[in-house]
Amino acid sequence: MESLCHCCTASDEAVTHVAVAFDNPIRSFRNDLFPLYKSDEGVPPELREQFDAAEEAVRSIGIVAWPMREYEADDALATGARLFRDQVEQVRI
């Protein structure tokens, strides 16, 4: 959260729009295509329990959060970058 907040408030960044995407749960259609694809297996329960809270924290400070259910966060970020590339000076992921 600290680096996200810094990005939003630093005068040298001049950020105009922010969105965050979360892999929660960490499974996607790719798990069906590739049996050894990453999953939530091995994620410590105490870390897993923080995922919903992290999404809520981001939303609570007014940042758009894209929760991913069938796709992954990088899919959302790449799609967002492509959709908004002609509307802003810079898209940073």
# chains A, B, ... in the order shown; residues from 1 in each chain; ligands from 1
>>> select_by_dssp(residues="chain A", states="alpha helix (DSSP H)", output="PDB file with N, CA and C atoms, in the first residue's frame")
ATOM      1  N   GLU A   2       2.007   1.191   0.663  1.00  0.00           N
ATOM      2  CA  GLU A   2       2.847   2.384   0.758  1.00  0.00           C
ATOM      3  C   GLU A   2       3.299   2.864  -0.617  1.00  0.00           C
ATOM      4  N   SER A   3       3.777   1.955  -1.462  1.00  0.00           N
ATOM      5  CA  SER A   3       4.237   2.381  -2.787  1.00  0.00           C
ATOM      6  C   SER A   3       3.068   2.857  -3.650  1.00  0.00           C
ATOM      7  N   LEU A   4       1.895   2.268  -3.476  1.00  0.00           N
ATOM      8  CA  LEU A   4       0.718   2.714  -4.211  1.00  0.00           C
ATOM      9  C   LEU A   4       0.346   4.130  -3.784  1.00  0.00           C
ATOM     10  N   CYS A   5       0.324   4.376  -2.489  1.00  0.00           N
ATOM     11  CA  CYS A   5       0.002   5.719  -1.988  1.00  0.00           C
ATOM     12  C   CYS A   5       1.041   6.732  -2.446  1.00  0.00           C
ATOM     13  N   HIS A   6       2.306   6.360  -2.434  1.00  0.00           N
ATOM     14  CA  HIS A   6       3.361   7.265  -2.898  1.00  0.00           C
ATOM     15  C   HIS A   6       3.158   7.611  -4.372  1.00  0.00           C
ATOM     16  N   CYS A   7       2.838   6.622  -5.156  1.00  0.00           N
ATOM     17  CA  CYS A   7       2.620   6.831  -6.584  1.00  0.00           C
ATOM     18  C   CYS A   7       1.487   7.834  -6.814  1.00  0.00           C
ATOM     19  N   CYS A   8       0.482   7.781  -5.973  1.00  0.00           N
ATOM     20  CA  CYS A   8      -0.690   8.649  -6.135  1.00  0.00           C
ATOM     21  C   CYS A   8      -0.462  10.067  -5.625  1.00  0.00           C
ATOM     22  N   THR A   9       0.509  10.245  -4.730  1.00  0.00           N
ATOM     23  CA  THR A   9       0.696  11.562  -4.117  1.00  0.00           C
ATOM     24  C   THR A   9       1.990  12.262  -4.508  1.00  0.00           C
ATOM     25  N   PHE A  29      -8.805 -20.134 -15.967  1.00  0.00           N
ATOM     26  CA  PHE A  29      -9.040 -21.116 -17.018  1.00  0.00           C
ATOM     27  C   PHE A  29      -7.740 -21.803 -17.426  1.00  0.00           C
ATOM     28  N   ARG A  30      -6.624 -21.150 -17.184  1.00  0.00           N
ATOM     29  CA  ARG A  30      -5.332 -21.736 -17.560  1.00  0.00           C
ATOM     30  C   ARG A  30      -5.025 -23.010 -16.764  1.00  0.00           C
ATOM     31  N   ASN A  31      -5.574 -23.123 -15.558  1.00  0.00           N
ATOM     32  CA  ASN A  31      -5.362 -24.339 -14.766  1.00  0.00           C
ATOM     33  C   ASN A  31      -5.964 -25.555 -15.467  1.00  0.00           C
ATOM     34  N   ASP A  32      -7.061 -25.352 -16.197  1.00  0.00           N
ATOM     35  CA  ASP A  32      -7.664 -26.455 -16.941  1.00  0.00           C
ATOM     36  C   ASP A  32      -6.845 -26.803 -18.182  1.00  0.00           C
ATOM     37  N   LEU A  33      -6.186 -25.807 -18.755  1.00  0.00           N
ATOM     38  CA  LEU A  33      -5.391 -26.026 -19.959  1.00  0.00           C
ATOM     39  C   LEU A  33      -4.014 -26.624 -19.662  1.00  0.00           C
ATOM     40  N   PRO A  45      -2.193 -20.137   4.780  1.00  0.00           N
ATOM     41  CA  PRO A  45      -3.536 -19.662   5.132  1.00  0.00           C
ATOM     42  C   PRO A  45      -3.545 -18.240   5.691  1.00  0.00           C
ATOM     43  N   GLU A  46      -2.524 -17.891   6.477  1.00  0.00           N
ATOM     44  CA  GLU A  46      -2.498 -16.545   7.061  1.00  0.00           C
ATOM     45  C   GLU A  46      -2.294 -15.466   5.989  1.00  0.00           C
ATOM     46  N   LEU A  47      -1.656 -15.807   4.880  1.00  0.00           N
ATOM     47  CA  LEU A  47      -1.536 -14.875   3.762  1.00  0.00           C
ATOM     48  C   LEU A  47      -2.833 -14.854   2.964  1.00  0.00           C
ATOM     49  N   ARG A  48      -3.382 -16.012   2.693  1.00  0.00           N
ATOM     50  CA  ARG A  48      -4.634 -16.136   1.929  1.00  0.00           C
ATOM     51  C   ARG A  48      -5.757 -15.327   2.577  1.00  0.00           C
ATOM     52  N   PHE A  51      -6.133 -11.519   1.515  1.00  0.00           N
ATOM     53  CA  PHE A  51      -6.454 -11.097   0.152  1.00  0.00           C
ATOM     54  C   PHE A  51      -7.700 -10.217   0.089  1.00  0.00           C
ATOM     55  N   ASP A  52      -8.785 -10.633   0.717  1.00  0.00           N
ATOM     56  CA  ASP A  52     -10.015  -9.836   0.694  1.00  0.00           C
ATOM     57  C   ASP A  52      -9.804  -8.493   1.385  1.00  0.00           C
ATOM     58  N   ALA A  53      -9.058  -8.503   2.480  1.00  0.00           N
ATOM     59  CA  ALA A  53      -8.784  -7.260   3.213  1.00  0.00           C
ATOM     60  C   ALA A  53      -7.975  -6.290   2.359  1.00  0.00           C
ATOM     61  N   ALA A  54      -7.050  -6.810   1.576  1.00  0.00           N
ATOM     62  CA  ALA A  54      -6.242  -5.945   0.699  1.00  0.00           C
ATOM     63  C   ALA A  54      -7.124  -5.282  -0.359  1.00  0.00           C
ATOM     64  N   GLU A  55      -8.027  -6.049  -0.951  1.00  0.00           N
ATOM     65  CA  GLU A  55      -8.956  -5.470  -1.928  1.00  0.00           C
ATOM     66  C   GLU A  55      -9.803  -4.386  -1.284  1.00  0.00           C
ATOM     67  N   GLU A  56     -10.308  -4.668  -0.104  1.00  0.00           N
ATOM     68  CA  GLU A  56     -11.149  -3.708   0.606  1.00  0.00           C
ATOM     69  C   GLU A  56     -10.360  -2.445   0.952  1.00  0.00           C
ATOM     70  N   ALA A  57      -9.117  -2.596   1.373  1.00  0.00           N
ATOM     71  CA  ALA A  57      -8.284  -1.442   1.724  1.00  0.00           C
ATOM     72  C   ALA A  57      -8.065  -0.541   0.517  1.00  0.00           C
ATOM     73  N   VAL A  58      -7.804  -1.143  -0.640  1.00  0.00           N
ATOM     74  CA  VAL A  58      -7.590  -0.365  -1.858  1.00  0.00           C
ATOM     75  C   VAL A  58      -8.859   0.407  -2.213  1.00  0.00           C
ATOM     76  N   ARG A  59      -9.988  -0.251  -2.162  1.00  0.00           N
ATOM     77  CA  ARG A  59     -11.256   0.426  -2.465  1.00  0.00           C
ATOM     78  C   ARG A  59     -11.552   1.538  -1.460  1.00  0.00           C
ATOM     79  N   SER A  60     -11.193   1.328  -0.208  1.00  0.00           N
ATOM     80  CA  SER A  60     -11.517   2.304   0.842  1.00  0.00           C
ATOM     81  C   SER A  60     -10.791   3.630   0.642  1.00  0.00           C
ATOM     82  N   ALA A  73      -4.893 -11.209 -12.760  1.00  0.00           N
ATOM     83  CA  ALA A  73      -4.694  -9.773 -12.623  1.00  0.00           C
ATOM     84  C   ALA A  73      -3.930  -9.193 -13.811  1.00  0.00           C
ATOM     85  N   ASP A  74      -2.928  -9.890 -14.288  1.00  0.00           N
ATOM     86  CA  ASP A  74      -2.166  -9.350 -15.425  1.00  0.00           C
ATOM     87  C   ASP A  74      -3.021  -9.252 -16.678  1.00  0.00           C
ATOM     88  N   ASP A  75      -4.032 -10.114 -16.822  1.00  0.00           N
ATOM     89  CA  ASP A  75      -4.967  -9.999 -17.943  1.00  0.00           C
ATOM     90  C   ASP A  75      -5.748  -8.687 -17.844  1.00  0.00           C
ATOM     91  N   ALA A  76      -6.215  -8.365 -16.645  1.00  0.00           N
ATOM     92  CA  ALA A  76      -6.975  -7.126 -16.433  1.00  0.00           C
ATOM     93  C   ALA A  76      -6.099  -5.902 -16.670  1.00  0.00           C
ATOM     94  N   LEU A  77      -4.879  -5.928 -16.146  1.00  0.00           N
ATOM     95  CA  LEU A  77      -3.988  -4.782 -16.301  1.00  0.00           C
ATOM     96  C   LEU A  77      -3.628  -4.543 -17.766  1.00  0.00           C
ATOM     97  N   ALA A  78      -3.349  -5.599 -18.495  1.00  0.00           N
ATOM     98  CA  ALA A  78      -3.031  -5.462 -19.918  1.00  0.00           C
ATOM     99  C   ALA A  78      -4.235  -4.953 -20.699  1.00  0.00           C
ATOM    100  N   THR A  79      -5.414  -5.451 -20.371  1.00  0.00           N
ATOM    101  CA  THR A  79      -6.635  -4.990 -21.045  1.00  0.00           C
ATOM    102  C   THR A  79      -6.883  -3.519 -20.735  1.00  0.00           C
ATOM    103  N   GLY A  80      -6.738  -3.138 -19.459  1.00  0.00           N
ATOM    104  CA  GLY A  80      -6.911  -1.740 -19.078  1.00  0.00           C
ATOM    105  C   GLY A  80      -5.919  -0.833 -19.787  1.00  0.00           C
ATOM    106  N   ALA A  81      -4.670  -1.259 -19.854  1.00  0.00           N
ATOM    107  CA  ALA A  81      -3.645  -0.466 -20.533  1.00  0.00           C
ATOM    108  C   ALA A  81      -4.002  -0.266 -21.998  1.00  0.00           C
ATOM    109  N   ARG A  82      -4.475  -1.316 -22.627  1.00  0.00           N
ATOM    110  CA  ARG A  82      -4.854  -1.214 -24.044  1.00  0.00           C
ATOM    111  C   ARG A  82      -6.075  -0.317 -24.226  1.00  0.00           C
ATOM    112  N   LEU A  83      -7.064  -0.453 -23.365  1.00  0.00           N
ATOM    113  CA  LEU A  83      -8.286   0.351 -23.483  1.00  0.00           C
ATOM    114  C   LEU A  83      -8.029   1.841 -23.296  1.00  0.00           C
ATOM    115  N   PHE A  84      -7.126   2.185 -22.394  1.00  0.00           N
ATOM    116  CA  PHE A  84      -6.932   3.591 -22.045  1.00  0.00           C
ATOM    117  C   PHE A  84      -5.706   4.230 -22.678  1.00  0.00           C
TER     118      PHE A  84
END
>>> closest_residue(among="A:Ile61, A:Arg69, A:Gln87, A:Asp23", to="Lys38 of chain A", atoms="only C-alpha atoms")
A:Asp23
